[in-house]
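**Q** Following this message is one structure expressed as structure tokens.
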Amino acid sequence: MKKLYLIVIFLLTAMSVSAQHNHNHSADNTLNTTEVNSEHSLYHLDAEWTDHRNETISLTDFKGAPVIVVMFYGNCTEVCPILIQDAWRLYSSVDESVQEEINVLAVSFDTENDTPEVLRKYAEYEQLDIPGWYFMTADDADIRTLAMMLGVQYSKKSDGHFAHSNLVTVLDEKGRIAQRVEGLNQPMDDAKSKIESIMAKLNK
Amino acid sequence: MNILTNIAPVKITLTVLAAMMLCLTNMVGAQVLVPSGSFHSVMPEIKGEPVEVESFYLDSTAVTNQQYNEFLQDHENWKPENVPSIFAYKGYLKNWENTNADDIVNPNQPVTSVSWYAANAYCQSAGGRLPTLNEWEYSAQLMDFESTADAKEFANRLMSWYSTFDNENMGAVGSTGIENRYGIKDQFGLIMEWVEDFKPVVADDLSLDCGTVGRMQKLGNAYSYAASIRYITRMSFSPKSTNSTVGFRCAYNVETMEDKKSNL
């Protein structure tokens, strides 16, 4: 009986904690719709990244135009190529003039295997070693931070593969999350219009 | 010190001194090797198969207010007045009077009210990372009990601790007397701790309802009930959460530590 009592007490505590966070969360969402939310830019993440061209980059390099972000890993042969293709579908759905402006970041969370060299081969294999596309790696801690900011979950399994979420994110010109497409093979219409509307606003 | 000189032979005195210094460094921040092994998780998807964990180093105690303050002196961007709201809710370090170096309240208590982002940044700057959920849980259950009765009693203590969290009278790190067989202290009895992947990937399928605990695996050991509570509490966190009961300690890859040692 005592045990039951404890369970109830604890769950109530846990729920009130959760309720508090939900409350905070909705406050965030409200902020997101106003103009004064540059605070919520992912570009606050002040990390050094290396891309598949072995060049050092930082996220703020991409400021000023929309960015498409996916998180994946190279040894993932079933799901990740689809995820990368999803990013390509979105990218190729916008006008060429827009393609020239925007960038695509494919961030690997497998720091053990996905060196810049491996990422270069991956990009070449996927025929995506093209301008505006960046296959990137960094410190584990920075990759995990980016994942937290995007809401991407991943965890390494004992067989060396990763359990992970499948998410394509569009960032606006300031690095704020503008659109999220969850799951594989999803329609990209909303994300496409989002990119186009941001570009239209920027080119006014 | 008088006692030491009274023991006479210099050799012994030195040994005692060395031992004392070892003890002192063990109080705060020693990095301890946790050898590889496996454990049973309470997560429903595991279905009785033990989770394998590779060897790693773990701080023997949680990061203290003092240690965190030192970090802030070198990383001004993590001071409460500078931290962007994307990295922490308003409660970040709310129990600190100020963040000046000379005036730290409760220096030896674990730092709490830190977001996941802040904890992650601290460990990165310390040359480590946050422990993974599996590493933390694995280390936590590496405790030896003399008898089943002892284990049961410990389980009861754990439950009452989780249900009567007292963050008003928090002890210093190393003060709980609870440690695993390798000397990792206070994983219970002091604070909840951030782990790298605090929301396991399956967490979306588990909601915070009263049935969740029931659906988790009952392992029939001292830990399973308390572990279920930890998993569920963690799932309620956001990476921006700044709870006054949540702190952290850092983990280190074995290769990183070996590199460090060979560079000395």
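We name chains A, B, ... following the order of the structure tokens; residues begin at 1 in each chain, and ligands are numbered from 1 as shown.
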Determine which residues of chain B sit within 9 Å of chain A, taking into account only C-alpha atoms, and present them as a ChimeraX atom specification.
**A** /B:51-53,84-87,89,116-117,120-121,123-124,128-130,132,159-160,162-164,196-197,199-201,208-210,213,229,232-233,235-239,241,243
**Q** Once you have the residues from the selection above, write them out as a PDB file, in the first residue's frame, restricted to C-alpha atoms.
**A**
```pdb
ATOM      1  CA  VAL B  51      22.544  -3.836 -22.668  1.00  0.00           C
ATOM      2  CA  GLU B  52      26.282  -3.962 -23.472  1.00  0.00           C
ATOM      3  CA  VAL B  53      28.357  -1.034 -22.276  1.00  0.00           C
ATOM      4  CA  PRO B  84      20.618  32.798 -25.062  1.00  0.00           C
ATOM      5  CA  SER B  85      17.147  31.574 -24.191  1.00  0.00           C
ATOM      6  CA  ILE B  86      17.467  28.782 -26.735  1.00  0.00           C
ATOM      7  CA  PHE B  87      19.946  27.136 -24.347  1.00  0.00           C
ATOM      8  CA  TYR B  89      14.903  28.431 -19.324  1.00  0.00           C
ATOM      9  CA  TRP B 116      21.248  20.043 -20.651  1.00  0.00           C
ATOM     10  CA  TYR B 117      22.941  22.439 -23.064  1.00  0.00           C
ATOM     11  CA  ASN B 120      26.948  19.379 -22.265  1.00  0.00           C
ATOM     12  CA  ALA B 121      29.091  22.487 -22.844  1.00  0.00           C
ATOM     13  CA  CYS B 123      31.750  18.469 -20.138  1.00  0.00           C
ATOM     14  CA  GLN B 124      32.954  19.334 -23.614  1.00  0.00           C
ATOM     15  CA  GLY B 128      34.728  14.835 -21.952  1.00  0.00           C
ATOM     16  CA  ARG B 129      31.035  14.498 -22.583  1.00  0.00           C
ATOM     17  CA  LEU B 130      27.897  13.671 -20.664  1.00  0.00           C
ATOM     18  CA  THR B 132      25.085   8.155 -22.087  1.00  0.00           C
ATOM     19  CA  MET B 159      12.183   4.825  -3.016  1.00  0.00           C
ATOM     20  CA  SER B 160      11.770   7.096  -0.068  1.00  0.00           C
ATOM     21  CA  TYR B 162      12.863   9.643  -4.813  1.00  0.00           C
ATOM     22  CA  SER B 163       9.565  10.501  -3.179  1.00  0.00           C
ATOM     23  CA  THR B 164      10.866  13.045  -0.683  1.00  0.00           C
ATOM     24  CA  GLU B 196      23.647  12.647 -23.019  1.00  0.00           C
ATOM     25  CA  ASP B 197      20.541  10.998 -24.458  1.00  0.00           C
ATOM     26  CA  LYS B 199      15.095  10.915 -23.858  1.00  0.00           C
ATOM     27  CA  PRO B 200      15.641   7.406 -25.177  1.00  0.00           C
ATOM     28  CA  VAL B 201      14.564   7.038 -28.782  1.00  0.00           C
ATOM     29  CA  LEU B 208       3.624  10.035 -18.771  1.00  0.00           C
ATOM     30  CA  ASP B 209       0.559   8.215 -17.574  1.00  0.00           C
ATOM     31  CA  CYS B 210       0.009   5.976 -14.627  1.00  0.00           C
ATOM     32  CA  VAL B 213       5.592   2.304 -14.700  1.00  0.00           C
ATOM     33  CA  ILE B 229      11.031   6.481 -11.917  1.00  0.00           C
ATOM     34  CA  ILE B 232      10.004   8.607 -16.563  1.00  0.00           C
ATOM     35  CA  THR B 233      11.267  11.735 -14.877  1.00  0.00           C
ATOM     36  CA  MET B 235      11.319  11.887 -20.285  1.00  0.00           C
ATOM     37  CA  SER B 236       9.582  14.908 -18.820  1.00  0.00           C
ATOM     38  CA  PHE B 237      12.713  17.026 -19.276  1.00  0.00           C
ATOM     39  CA  SER B 238      13.428  19.387 -22.130  1.00  0.00           C
ATOM     40  CA  PRO B 239      17.096  20.159 -22.926  1.00  0.00           C
ATOM     41  CA  SER B 241      15.036  22.460 -18.309  1.00  0.00           C
ATOM     42  CA  ASN B 243      15.443  22.001 -12.326  1.00  0.00           C
TER      43      ASN B 243
END
```
**Q** Would you pick out the contacts of Glu126 in chain A at 9 Å or less, using only C-alpha atoms, so that residues sharing its chain but fewer than 3 positions from it are not included, and give the list as a ChimeraX atom specification?
**A** /A:81,84-85,121-123,129
**Q** Quick one: everything within 8 Å of Ser139 in chain B, counting only C-alpha atoms, minus sequence neighbours fewer than 6 positions away in the same chain. Send it as a PyMOL selection string.
**A** chain B and resi 34+180+184
**Q** Those residues with C-alpha atoms, as a CSV table (one decimal), in the first residue's frame please?
**A**
```csv
chain,number,residue,atom,x,y,z
B,34,VAL,CA,34.3,1.9,-15.3
B,180,ASN,CA,29.5,1.7,-6.6
B,184,ILE,CA,31.6,6.4,-8.3
```
**Q** Which one is closest to Asp86 in chain A: A:Lys63, A:Glu196, A:Ile68, A:Leu171? Count only C-alpha atoms.
**A**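 When distances to Asp86 in chain A are compared using only C-alpha atoms, the smallest one comes from A:Ile68.
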**Q** If you run DSSP on this backbone, which residues of range 56-101 of chain B come out as strand (DSSP E), and could you give them as a PDB file with C-alpha atoms, in the first residue's frame?
**A**
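Once everything was written out, this is selection07.pdb:
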```pdb
ATOM      1  CA  PHE B  56      34.504   4.511 -20.046  1.00  0.00           C
ATOM      2  CA  TYR B  57      35.700   6.979 -17.438  1.00  0.00           C
ATOM      3  CA  LEU B  58      33.226   8.741 -15.171  1.00  0.00           C
ATOM      4  CA  ASP B  59      33.631  11.573 -12.663  1.00  0.00           C
TER       5      ASP B  59
END
```
**Q** Select, from B:Met257, B:Ala172, B:Ala151, B:Leu142, the residue with the minimum atom-to-atom distance to Val105 in chain B, counting only C-alpha atoms.
**A**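 Looking only at the distances to Val105 in chain B, the closest residue turns out to be B:Ala172.
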**Q** What is the distance, in Å and to one decimal place, between CA of Arg176 in chain A and CA of Asp74 in chain B?
**A**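 Between CA of Arg176 in chain A and CA of Asp74 in chain B the gap is 27.7 Å.
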**Q** What's around range 87-90 of chain A at 7 Å? Count only C-alpha atoms, leave out sequence neighbours fewer than 3 positions away in its own chain, and write the answer as a list in words.
**A**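 In the requested format, the answer is Leu83, Ile84, Ser93, Val168, Met188 and Lys192 of chain A.
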**Q** Which of these, A:Phe135, A:Phe162, A:Phe109, A:Phe72, has the shortest distance to Asn54 in chain A once you count only C-alpha atoms?
**A**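 Going through A:Phe135, A:Phe162, A:Phe109, A:Phe72 one by one, the smallest distance to Asn54 in chain A is for A:Phe135.
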**Q** How many Å lie between CA of Leu190 in chain B and CA of Pro131 in chain B, rounded to one decimal?
**A**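 CA of Pro131 in chain B lies at a distance of 17.4 Å from CA of Leu190 in chain B.
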**Q** Of the candidates A:Ile143, A:Gly160, A:Tyr43, A:Leu150, which one gets nearest to Thr60 in chain A if we count only C-alpha atoms?
**A**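 Using only C-alpha atoms, the shortest distance to Thr60 in chain A belongs to A:Tyr43.
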**Q** Could you pull the residues within 10 Å of Ile198 in chain A, counting only C-alpha atoms, minus those fewer than 6 positions along the same chain, as a PDB file with C-alpha atoms, in the first residue's frame?
**A**
```pdb
ATOM      1  CA  ALA A  65      19.292  32.465 -46.703  1.00  0.00           C
ATOM      2  CA  PRO A  66      17.211  29.396 -45.856  1.00  0.00           C
ATOM      3  CA  LEU A 171      15.925  27.076 -41.143  1.00  0.00           C
ATOM      4  CA  ASP A 172      15.066  30.638 -42.038  1.00  0.00           C
ATOM      5  CA  GLU A 173      17.623  33.274 -42.918  1.00  0.00           C
ATOM      6  CA  ALA A 178      10.875  27.474 -40.037  1.00  0.00           C
TER       7      ALA A 178
END
```
**Q** What is the distance, in Å and to one decimal place, between CA of His40 in chain B and CA of Thr245 in chain B?
**A**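 A separation of 25.8 Å between them.
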